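Raw input-v7.csv, CSV, C-alpha atoms:
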```csv
chain,number,residue,atom,x,y,z
A,1,MET,CA,39.9,-30.0,-1.8
A,2,LEU,CA,39.6,-26.6,-0.2
A,3,ASN,CA,36.2,-25.1,0.3
A,4,LYS,CA,36.3,-21.7,-1.5
A,5,SER,CA,33.7,-20.3,0.8
A,6,MET,CA,36.0,-21.0,3.7
A,7,ILE,CA,38.9,-19.2,2.0
A,8,PHE,CA,37.0,-16.0,1.2
A,9,SER,CA,34.4,-15.8,4.0
A,10,GLY,CA,36.8,-14.2,6.5
A,11,ASN,CA,37.2,-11.1,4.3
A,12,LEU,CA,33.7,-11.1,2.8
A,13,LEU,CA,32.1,-8.7,5.2
A,14,ASP,CA,35.0,-6.3,5.2
A,15,ARG,CA,35.1,-6.2,1.4
A,16,TYR,CA,31.3,-5.6,1.3
A,17,GLN,CA,31.4,-2.8,3.9
A,18,MET,CA,34.3,-1.1,2.1
A,19,GLN,CA,32.3,-1.2,-1.1
A,20,LYS,CA,29.3,0.4,0.6
A,21,LYS,CA,31.5,3.3,1.8
A,22,LYS,CA,33.1,3.7,-1.6
A,23,SER,CA,29.9,3.6,-3.6
A,24,SER,CA,27.7,5.7,-1.2
A,25,GLY,CA,27.0,9.0,-2.8
A,26,ASN,CA,29.3,8.4,-5.8
A,27,SER,CA,26.8,7.4,-8.4
A,28,ALA,CA,26.5,10.9,-9.9
A,29,ILE,CA,28.5,11.7,-12.9
A,30,GLY,CA,31.6,13.9,-12.6
A,31,THR,CA,32.1,13.7,-8.8
A,32,LYS,CA,35.5,14.3,-7.3
A,33,GLU,CA,35.8,10.7,-6.2
A,34,ASN,CA,35.6,9.3,-9.8
A,35,TYR,CA,37.8,12.1,-11.2
A,36,GLY,CA,35.3,13.4,-13.6
A,37,ARG,CA,34.7,10.1,-15.3
A,38,PRO,CA,31.0,9.1,-15.8
A,39,GLY,CA,29.7,6.6,-13.2
A,40,PRO,CA,28.1,3.3,-14.2
A,41,ASP,CA,24.7,3.6,-15.9
A,42,TYR,CA,22.8,1.2,-13.6
A,43,GLU,CA,19.5,1.8,-15.4
A,44,LYS,CA,20.8,0.1,-18.6
A,45,MET,CA,22.0,-3.0,-16.8
A,46,SER,CA,20.0,-6.2,-16.7
A,47,LEU,CA,18.9,-7.9,-13.5
A,48,GLU,CA,21.6,-10.4,-13.8
A,49,THR,CA,24.3,-7.7,-14.1
A,50,LEU,CA,22.9,-5.7,-11.2
A,51,CYS,CA,23.0,-8.8,-9.0
A,52,SER,CA,26.5,-9.6,-10.2
A,53,ILE,CA,28.0,-6.1,-9.4
A,54,VAL,CA,26.6,-6.4,-5.9
A,55,LYS,CA,28.2,-9.8,-5.4
A,56,GLU,CA,31.5,-8.6,-7.0
A,57,TYR,CA,31.6,-5.6,-4.6
A,58,LYS,CA,31.3,-3.1,-7.4
A,59,ALA,CA,28.1,-1.6,-6.1
A,60,ALA,CA,26.3,-1.4,-2.7
A,61,PHE,CA,22.9,-3.1,-2.7
A,62,GLU,CA,21.2,0.0,-1.4
A,63,ASP,CA,22.4,1.9,-4.4
A,64,VAL,CA,20.7,-0.5,-6.9
A,65,SER,CA,17.9,-2.1,-4.8
A,66,GLU,CA,15.1,-0.2,-6.5
A,67,LEU,CA,16.4,-1.0,-9.9
A,68,ILE,CA,16.8,-4.7,-9.0
A,69,GLU,CA,13.1,-4.7,-7.9
A,70,ASP,CA,12.0,-3.0,-11.1
A,71,LYS,CA,14.1,-5.2,-13.4
A,72,ALA,CA,12.9,-8.3,-11.5
A,73,TYR,CA,9.2,-7.6,-12.2
A,74,MET,CA,10.0,-6.7,-15.8
A,75,GLU,CA,11.9,-9.9,-16.3
A,76,CYS,CA,9.1,-11.9,-14.7
A,77,GLU,CA,6.8,-10.6,-17.5
A,78,SER,CA,9.2,-11.3,-20.3
A,79,GLY,CA,11.7,-13.9,-19.3
A,80,GLY,CA,9.8,-16.1,-16.9
A,81,VAL,CA,9.4,-16.2,-13.1
A,82,GLU,CA,11.7,-19.1,-12.4
A,83,LYS,CA,14.7,-17.5,-14.1
A,84,THR,CA,14.1,-14.3,-12.3
A,85,LEU,CA,13.8,-16.0,-8.9
A,86,GLU,CA,17.0,-18.0,-9.6
A,87,LYS,CA,19.0,-14.7,-9.9
A,88,LEU,CA,17.5,-13.2,-6.8
A,89,LYS,CA,18.1,-16.4,-4.8
A,90,GLY,CA,21.7,-16.2,-5.9
A,91,LEU,CA,21.9,-12.7,-4.5
A,92,ALA,CA,20.3,-13.9,-1.3
A,93,THR,CA,22.9,-16.6,-1.0
A,94,PHE,CA,25.6,-14.0,-1.3
A,95,PHE,CA,24.2,-12.1,1.7
A,96,GLU,CA,23.6,-15.3,3.7
A,97,LEU,CA,27.4,-16.1,3.4
A,98,LEU,CA,28.4,-12.8,5.0
A,99,GLU,CA,29.8,-13.5,8.4
A,100,ASN,CA,29.2,-11.3,11.4
A,101,LYS,CA,26.4,-9.5,9.6
A,102,ASN,CA,25.5,-6.0,11.1
A,103,GLU,CA,22.0,-4.4,10.9
A,104,GLU,CA,22.5,-3.1,7.4
A,105,ASN,CA,23.5,-6.5,6.1
A,106,CYS,CA,20.5,-8.1,7.7
A,107,ARG,CA,18.2,-5.5,6.2
A,108,ASP,CA,19.7,-6.0,2.8
A,109,LEU,CA,19.2,-9.8,3.1
A,110,ALA,CA,15.6,-9.2,4.4
A,111,ASP,CA,15.0,-7.0,1.4
A,112,VAL,CA,16.0,-9.7,-1.0
A,113,TYR,CA,13.9,-12.3,0.8
A,114,LEU,CA,11.0,-9.8,0.7
A,115,LEU,CA,11.3,-9.3,-3.0
A,116,ILE,CA,11.4,-13.0,-3.6
A,117,GLY,CA,8.3,-13.4,-1.4
A,118,GLU,CA,6.5,-10.5,-3.2
A,119,ILE,CA,7.2,-12.1,-6.6
A,120,TYR,CA,5.8,-15.4,-5.4
A,121,GLN,CA,2.8,-13.5,-4.1
A,122,TYR,CA,2.3,-11.6,-7.3
A,123,ASN,CA,2.2,-14.9,-9.2
A,124,SER,CA,-0.3,-16.4,-6.7
A,125,LEU,CA,2.2,-18.9,-5.3
A,126,LEU,CA,1.1,-18.1,-1.8
A,127,MET,CA,2.8,-21.0,0.1
A,128,GLU,CA,6.1,-20.1,-1.4
A,129,SER,CA,5.6,-16.4,-0.6
A,130,VAL,CA,4.9,-17.2,3.0
A,131,GLN,CA,8.1,-19.2,3.2
A,132,TRP,CA,10.3,-16.4,1.9
A,133,LEU,CA,8.5,-13.6,3.7
A,134,SER,CA,8.9,-15.6,7.0
A,135,LYS,CA,12.6,-15.8,6.3
A,136,ALA,CA,12.7,-12.0,6.0
A,137,VAL,CA,11.0,-11.7,9.4
A,138,VAL,CA,13.6,-14.1,11.0
A,139,VAL,CA,16.5,-12.1,9.6
A,140,ASP,CA,15.1,-8.7,10.7
A,141,ASP,CA,12.2,-8.9,13.1
A,142,ARG,CA,12.0,-5.1,13.4
A,143,TYR,CA,11.2,-4.7,9.7
A,144,PRO,CA,7.4,-4.1,9.3
A,145,VAL,CA,7.0,-4.7,5.6
A,146,PRO,CA,7.4,-8.5,5.6
A,147,TYR,CA,4.8,-8.8,8.4
A,148,HIS,CA,2.3,-6.8,6.2
A,149,ASN,CA,3.0,-8.8,3.1
A,150,LEU,CA,2.6,-12.0,5.2
A,151,ALA,CA,-0.8,-10.8,6.2
A,152,ILE,CA,-1.8,-10.2,2.6
A,153,SER,CA,-0.7,-13.8,1.6
A,154,TYR,CA,-2.5,-15.3,4.6
A,155,MET,CA,-5.7,-13.3,3.7
A,156,LYS,CA,-5.6,-14.6,0.1
A,157,MET,CA,-5.2,-18.1,1.6
A,158,GLY,CA,-8.2,-17.7,3.8
A,159,LYS,CA,-6.1,-17.9,7.0
A,160,ALA,CA,-7.6,-15.0,8.9
A,161,GLU,CA,-6.0,-15.9,12.3
A,162,LEU,CA,-2.5,-15.9,10.8
A,163,ALA,CA,-3.3,-12.6,8.9
A,164,ILE,CA,-4.5,-11.0,12.1
A,165,LYS,CA,-1.3,-12.2,14.0
A,166,SER,CA,0.9,-10.8,11.2
A,167,LEU,CA,-0.8,-7.4,11.2
A,168,GLU,CA,-0.6,-7.2,15.0
A,169,GLN,CA,3.2,-7.9,14.8
A,170,GLU,CA,3.5,-5.2,12.1
A,171,ILE,CA,1.7,-2.7,14.3
A,172,ALA,CA,3.8,-3.6,17.3
A,173,VAL,CA,6.9,-2.7,15.2
A,174,ALA,CA,5.5,0.2,13.3
A,175,PRO,CA,2.4,1.6,15.2
A,176,GLY,CA,2.2,4.6,12.8
A,177,ASN,CA,1.1,2.5,9.8
A,178,TYR,CA,-2.6,3.5,9.9
A,179,TYR,CA,-3.6,1.6,6.9
A,180,SER,CA,-2.7,-1.7,8.7
A,181,TYR,CA,-5.2,-0.8,11.5
A,182,LEU,CA,-7.9,-0.5,8.9
A,183,LEU,CA,-6.9,-3.8,7.3
A,184,LEU,CA,-7.0,-5.4,10.7
A,185,ALA,CA,-10.4,-3.9,11.3
A,186,ASP,CA,-11.6,-5.4,8.0
A,187,LEU,CA,-10.5,-8.9,9.2
A,188,HIS,CA,-12.2,-8.5,12.6
A,189,GLU,CA,-15.4,-7.4,10.9
A,190,LYS,CA,-15.4,-10.3,8.5
A,191,GLU,CA,-14.8,-12.7,11.4
A,192,GLY,CA,-17.7,-11.1,13.3
A,193,ARG,CA,-15.5,-10.0,16.2
A,194,VAL,CA,-17.3,-6.8,17.2
A,195,THR,CA,-15.3,-6.1,20.3
A,196,ASP,CA,-11.9,-6.6,18.5
A,197,LEU,CA,-13.2,-4.4,15.6
A,198,GLU,CA,-14.2,-1.6,18.1
A,199,ASN,CA,-10.9,-1.8,20.0
A,200,THR,CA,-8.8,-1.7,16.8
A,201,LEU,CA,-10.6,1.4,15.6
A,202,LYS,CA,-10.2,3.0,19.0
A,203,ARG,CA,-6.5,2.2,19.0
A,204,LEU,CA,-6.1,3.9,15.6
A,205,LEU,CA,-8.0,7.0,16.8
A,206,ALA,CA,-5.9,7.2,19.9
A,207,ARG,CA,-2.8,7.6,17.6
A,208,ASP,CA,-4.6,9.6,14.9
A,209,PRO,CA,-7.6,11.4,16.3
A,210,ASP,CA,-8.4,12.9,12.9
A,211,ASN,CA,-8.6,9.6,11.0
A,212,ILE,CA,-11.8,10.1,9.0
A,213,GLN,CA,-12.0,6.4,7.9
A,214,ALA,CA,-11.7,5.1,11.5
A,215,LEU,CA,-14.4,7.6,12.7
A,216,HIS,CA,-16.7,6.6,9.9
A,217,ARG,CA,-16.2,2.9,10.6
A,218,LEU,CA,-16.8,3.4,14.3
A,219,ILE,CA,-20.0,5.3,13.6
A,220,ARG,CA,-21.2,2.5,11.3
A,221,LEU,CA,-20.4,-0.1,13.9
A,222,TYR,CA,-22.4,1.7,16.6
A,223,GLU,CA,-25.3,2.2,14.2
A,224,LYS,CA,-25.4,-1.5,13.4
A,225,THR,CA,-24.9,-2.8,16.9
A,226,ASP,CA,-27.2,-0.3,18.5
A,227,ILE,CA,-25.4,-0.4,21.8
A,228,GLY,CA,-26.7,3.0,23.0
A,229,VAL,CA,-23.6,5.0,22.0
A,230,ASP,CA,-24.5,8.6,21.0
A,231,ILE,CA,-22.9,8.9,17.6
A,232,ARG,CA,-23.7,12.6,17.3
A,233,LEU,CA,-20.4,13.6,19.0
A,234,LEU,CA,-18.4,11.2,16.7
A,235,LYS,CA,-20.1,12.7,13.6
A,236,LYS,CA,-19.5,16.3,14.9
A,237,ARG,CA,-15.9,15.3,15.4
A,238,LEU,CA,-15.6,14.0,11.9
A,239,LEU,CA,-17.1,17.0,10.3
A,240,SER,CA,-14.9,19.4,12.4
A,241,ILE,CA,-11.7,18.1,10.7
A,242,SER,CA,-10.7,20.9,8.5
A,243,ARG,CA,-7.9,19.4,6.4
A,244,GLN,CA,-8.6,18.5,2.8
A,245,GLY,CA,-8.7,14.7,2.5
A,246,ASN,CA,-8.1,12.1,-0.2
A,247,ARG,CA,-10.8,10.7,-2.4
A,248,LEU,CA,-12.3,8.3,0.1
A,249,GLU,CA,-12.1,10.8,3.0
A,250,THR,CA,-13.9,13.4,0.9
A,251,THR,CA,-16.6,11.0,-0.1
A,252,ILE,CA,-17.1,10.2,3.6
A,253,ARG,CA,-17.4,13.8,4.5
A,254,VAL,CA,-19.9,14.6,1.7
A,255,TYR,CA,-21.9,11.6,2.9
A,256,TYR,CA,-22.4,13.0,6.4
A,257,LEU,CA,-23.1,16.5,5.2
A,258,CYS,CA,-25.8,15.0,2.9
A,259,ARG,CA,-27.2,12.9,5.7
A,260,ASP,CA,-27.8,16.2,7.6
A,261,GLY,CA,-29.3,17.8,4.5
A,262,ARG,CA,-26.4,20.2,4.2
A,263,PHE,CA,-26.2,20.0,0.4
A,264,SER,CA,-24.8,23.5,-0.2
A,265,ASP,CA,-22.1,22.9,2.4
A,266,ALA,CA,-21.2,19.7,0.6
A,267,LEU,CA,-21.0,21.4,-2.8
A,268,ASN,CA,-18.8,24.2,-1.3
A,269,TRP,CA,-16.5,21.6,0.2
A,270,LEU,CA,-16.2,19.9,-3.2
A,271,SER,CA,-15.4,23.2,-4.9
A,272,GLU,CA,-12.5,23.7,-2.5
A,273,TRP,CA,-11.4,20.1,-2.9
A,274,HIS,CA,-11.5,20.5,-6.7
A,275,LEU,CA,-8.7,23.0,-6.6
A,276,GLN,CA,-6.4,20.5,-4.9
A,277,THR,CA,-7.1,17.2,-6.6
A,278,SER,CA,-7.1,15.4,-9.9
A,279,GLU,CA,-9.9,13.1,-8.8
A,280,VAL,CA,-12.3,14.6,-11.4
A,281,ALA,CA,-14.5,11.4,-11.8
A,282,THR,CA,-15.3,11.3,-8.1
A,283,LEU,CA,-16.0,15.0,-8.1
A,284,HIS,CA,-18.6,14.7,-10.9
A,285,LEU,CA,-20.2,11.6,-9.3
A,286,LEU,CA,-20.6,13.3,-5.9
A,287,ARG,CA,-22.0,16.5,-7.5
A,288,GLY,CA,-24.4,14.5,-9.5
A,289,TYR,CA,-25.7,12.7,-6.4
A,290,ILE,CA,-26.1,16.0,-4.5
A,291,PHE,CA,-27.9,17.8,-7.4
A,292,GLY,CA,-30.3,14.8,-7.6
A,293,GLU,CA,-31.1,15.2,-3.9
A,294,MET,CA,-31.6,18.9,-4.4
A,295,LYS,CA,-34.0,18.0,-7.3
A,296,GLN,CA,-31.9,20.0,-9.7
A,297,TYR,CA,-32.1,17.2,-12.3
A,298,GLU,CA,-30.6,19.0,-15.3
A,299,LYS,CA,-27.4,19.7,-13.3
A,300,LYS,CA,-27.5,16.2,-12.1
A,301,ASP,CA,-27.6,14.8,-15.6
A,302,LEU,CA,-24.8,17.1,-16.7
A,303,GLU,CA,-22.5,16.0,-13.8
A,304,LEU,CA,-23.2,12.3,-14.4
A,305,ALA,CA,-22.6,12.7,-18.1
A,306,ALA,CA,-19.3,14.4,-17.3
A,307,PHE,CA,-18.5,11.5,-14.9
A,308,LYS,CA,-19.1,8.9,-17.6
A,309,ALA,CA,-17.0,10.9,-20.1
A,310,VAL,CA,-14.1,11.0,-17.6
A,311,CYS,CA,-14.4,7.2,-17.3
A,312,ASN,CA,-14.0,7.1,-21.1
A,313,GLY,CA,-17.5,5.6,-21.4
A,314,ARG,CA,-16.3,2.2,-20.2
A,315,ASN,CA,-18.9,0.5,-18.1
A,316,GLU,CA,-16.5,-1.5,-16.0
A,317,VAL,CA,-14.7,1.7,-14.9
A,318,VAL,CA,-18.0,3.3,-14.1
A,319,LYS,CA,-19.1,0.3,-12.1
A,320,SER,CA,-15.8,0.3,-10.1
A,321,ALA,CA,-16.2,3.9,-9.2
A,322,LEU,CA,-19.8,3.4,-8.2
A,323,GLU,CA,-18.8,0.4,-6.0
A,324,GLU,CA,-16.6,2.7,-4.0
A,325,PHE,CA,-19.3,5.3,-3.8
A,326,GLY,CA,-21.8,2.6,-2.8
A,327,ASN,CA,-19.6,1.4,0.0
A,328,ILE,CA,-20.1,4.8,1.7
A,329,PHE,CA,-23.5,5.9,0.5
A,330,GLY,CA,-25.2,2.5,0.2
A,331,TYR,CA,-25.4,0.2,-2.7
A,332,ASN,CA,-29.1,0.9,-3.3
A,333,ILE,CA,-28.3,4.6,-4.0
A,334,SER,CA,-25.3,3.6,-6.1
A,335,GLU,CA,-27.4,1.2,-8.2
A,336,LYS,CA,-30.1,3.8,-8.6
A,337,LEU,CA,-27.5,6.3,-10.0
A,338,PHE,CA,-26.0,3.6,-12.2
A,339,THR,CA,-29.2,2.3,-13.8
A,340,GLY,CA,-31.1,5.6,-13.9
A,341,SER,CA,-28.6,8.1,-15.3
A,342,LEU,CA,-25.3,6.6,-16.4
A,343,ILE,CA,-26.1,3.6,-18.6
A,344,LYS,CA,-28.3,4.8,-21.4
```

Rewrite the structure from the file as structure tokens, please.
Amino acid sequence: MLNKSMIFSGNLLDRYQMQKKKSSGNSAIGTKENYGRPGPDYEKMSLETLCSIVKEYKAAFEDVSELIEDKAYMECESGGVEKTLEKLKGLATFFELLENKNEENCRDLADVYLLIGEIYQYNSLLMESVQWLSKAVVVDDRYPVPYHNLAISYMKMGKAELAIKSLEQEIAVAPGNYYSYLLLADLHEKEGRVTDLENTLKRLLARDPDNIQALHRLIRLYEKTDIGVDIRLLKKRLLSISRQGNRLETTIRVYYLCRDGRFSDALNWLSEWHLQTSEVATLHLLRGYIFGEMKQYEKKDLELAAFKAVCNGRNEVVKSALEEFGNIFGYNISEKLFTGSLIK
């Protein structure tokens, strides 16, 4: 009996590459290429159908990859994980059988492996997630995302050494991913590796001199280790950064302004930040703390009441916000705000 895969494998890659060219840029309705006829409505298709049209050369994977990911997670919630994974593994097999794969084919296969690994990870099947994410790395070792997700799985498994190795591999491939440096710093800190923690933060600052989180972490490190480093220059450097930051960066800046007793400067900075952000809860919380330090207790109570209202009065949401606040300002201060003004 003839092996069907042997009959078709010779033309498999050519057919897939031809389909990528035909489908690229032609998904819009009424293009010249489809003579005014509406294109396929991919969004209405099921996961199984989306996988099928890729395998039948009716659509390029890159045109439907985001929808495949969305549908996969939706079907995991409604139809069960195993059935979803079975469809994705069938798609992976299709790409595996392509002969003479080029870089795009390898990246497509890596993306399917990655999605399978992420779904296993999402469902706390960590060993399985590691197996599939590792396959993505083998197929495309210049793809940073699988390394990052491997690190997350290893962290959840308590395998710090392997998580550190994965993050270092990710950074080697994509040195501009600043979040990964901070995650690596977290691991070194938890493992008590002070020198590695310091070096990681310095490496990040060498690439991104205005990284407020890295500067803050380095200042904290030097304060704890008391190794004779003058942190005043680092603090001055942090406060000299003029760009408006995200929620965490703004909290860090306000923290250092308050440490210096510059409460009015902190309020002015928050007023400017307020014009560019929707982080209203953090805004009220920081203002409440500042007014308390300025002994303007009526304004403090008003701000904290507004903070609680924005959190819809749910204590768990309030506690979550205060935990982030406490990570910067100190948990004693956070607890004092929580018990003294917010829960009544």

**Item:** Answer as a ChimeraX atom specification, residues within 12 Å of (-10.1, 2.9, 19.7) using all atoms listed in the file
**Value:** /A:181-182,185,195-209,211,214-215,217-219

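You will find CA of Ser271 (chain A) at 15.7 Å from CA of Lys300 (chain A).
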
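With only the atoms specified (all atoms listed in the file) counting, those residues at most 6 Å away from (9.3, -4.9, 11.6) are Asp141, Arg142, Tyr143, Pro144, Glu170 and Val173 of chain A.
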
Residues of region 33-103 of chain A that have any atom at most 12 Å from an atom of region 129-136 of chain A: could you tabulate them with the shortest-distance atom pair and the distance in Å to one decimal, using all atoms listed in the file, ordered by chain and increasing number, as a Markdown table?
```
| residue | atom | partner | partner_atom | distance |
| --- | --- | --- | --- | --- |
| A:Leu85 | CA | A:Trp132 | CA | 11.4 |
| A:Leu88 | CA | A:Trp132 | CA | 11.7 |
| A:Lys89 | CA | A:Trp132 | CA | 10.3 |
| A:Ala92 | CA | A:Ala136 | CA | 10.7 |
| A:Glu96 | CA | A:Lys135 | CA | 11.3 |
```

**Request:** Excluding region 274-280 of chain A and residues on its chain fewer than 4 positions from it, collect all residues at most 10 Å away from it, counting only C-alpha atoms, and give them as a PyMOL selection string.
**Result:** chain A and resi 244-247+268-270+284-285+306-307+310-311

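Comparing the minimum interatomic distances between Val64 (chain A) and each of A:Pro175, A:Gly313, A:Gly228, A:Pro40, counting all atoms listed in the file, we find that A:Pro40 sits nearest.
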
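Taking all atoms listed in the file into account, Glu75 (chain A) lies nearest to A:Glu48 out of the set A:Glu293, A:Glu48, A:Asp210, A:Asp41.
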
**Request:** Using all atoms listed in the file, find the one residue out of A:Lys165, A:Ala172, A:Gln121, A:Trp273 that sits nearest to Ser153 (chain A).
**Result:** A:Gln121

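Here CA of Thr282 (chain A) stands at a distance of 17.1 Å from CA of Asp265 (chain A).
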
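CA of Gly90 (chain A) sits 25.7 Å away from CA of Ile152 (chain A).
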
**Request:** Write out as a list in words which residues come within 12 Å of Glu69 (chain A) when counting only C-alpha atoms, dropping same-chain ones fewer than 5 positions away.
**Result:** Glu43, Ser46, Leu47, Glu48, Leu50, Cys51, Phe61, Glu62, Asp63, Val64, Met74, Glu75, Cys76, Thr84, Leu85, Lys87, Leu88, Asp111, Val112, Tyr113, Leu114, Leu115, Ile116, Gly117, Glu118 and Ile119 of chain A

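Candidate residues A:Asp140, A:Lys156, A:His148, A:Val194 were compared for distance to Asn177 (chain A), and the nearest is A:His148, using all atoms listed in the file.
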
**Using all atoms listed in the file: which of A:Asp226, A:Gly326, A:Val318, A:Ala266 has the shortest distance to Leu239 (chain A)** = A:Ala266

**Item:** Leu286 (chain A) surroundings by all atoms listed in the file, 10 Å radius, close-in-sequence under 5 positions cut, as JSON, numbers by chain
**Value:** {"A": [250, 251, 254, 255, 266, 267, 270, 281, 291, 292, 300, 303, 304, 307, 325]}

Now that the selection is made, can you save its residues with C-alpha atoms as a compact mmCIF listing (two decimals), in the frame of the given file?
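Output saved as out_23.txt:
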```txt
# COMPACT_ATOMS: atom_id res chain seq x y z
CA THR A 250 -13.90 13.40 0.90
CA THR A 251 -16.60 11.00 -0.10
CA VAL A 254 -19.90 14.60 1.70
CA TYR A 255 -21.90 11.60 2.90
CA ALA A 266 -21.20 19.70 0.60
CA LEU A 267 -21.00 21.40 -2.80
CA LEU A 270 -16.20 19.90 -3.20
CA ALA A 281 -14.50 11.40 -11.80
CA PHE A 291 -27.90 17.80 -7.40
CA GLY A 292 -30.30 14.80 -7.60
CA LYS A 300 -27.50 16.20 -12.10
CA GLU A 303 -22.50 16.00 -13.80
CA LEU A 304 -23.20 12.30 -14.40
CA PHE A 307 -18.50 11.50 -14.90
CA PHE A 325 -19.30 5.30 -3.80
```
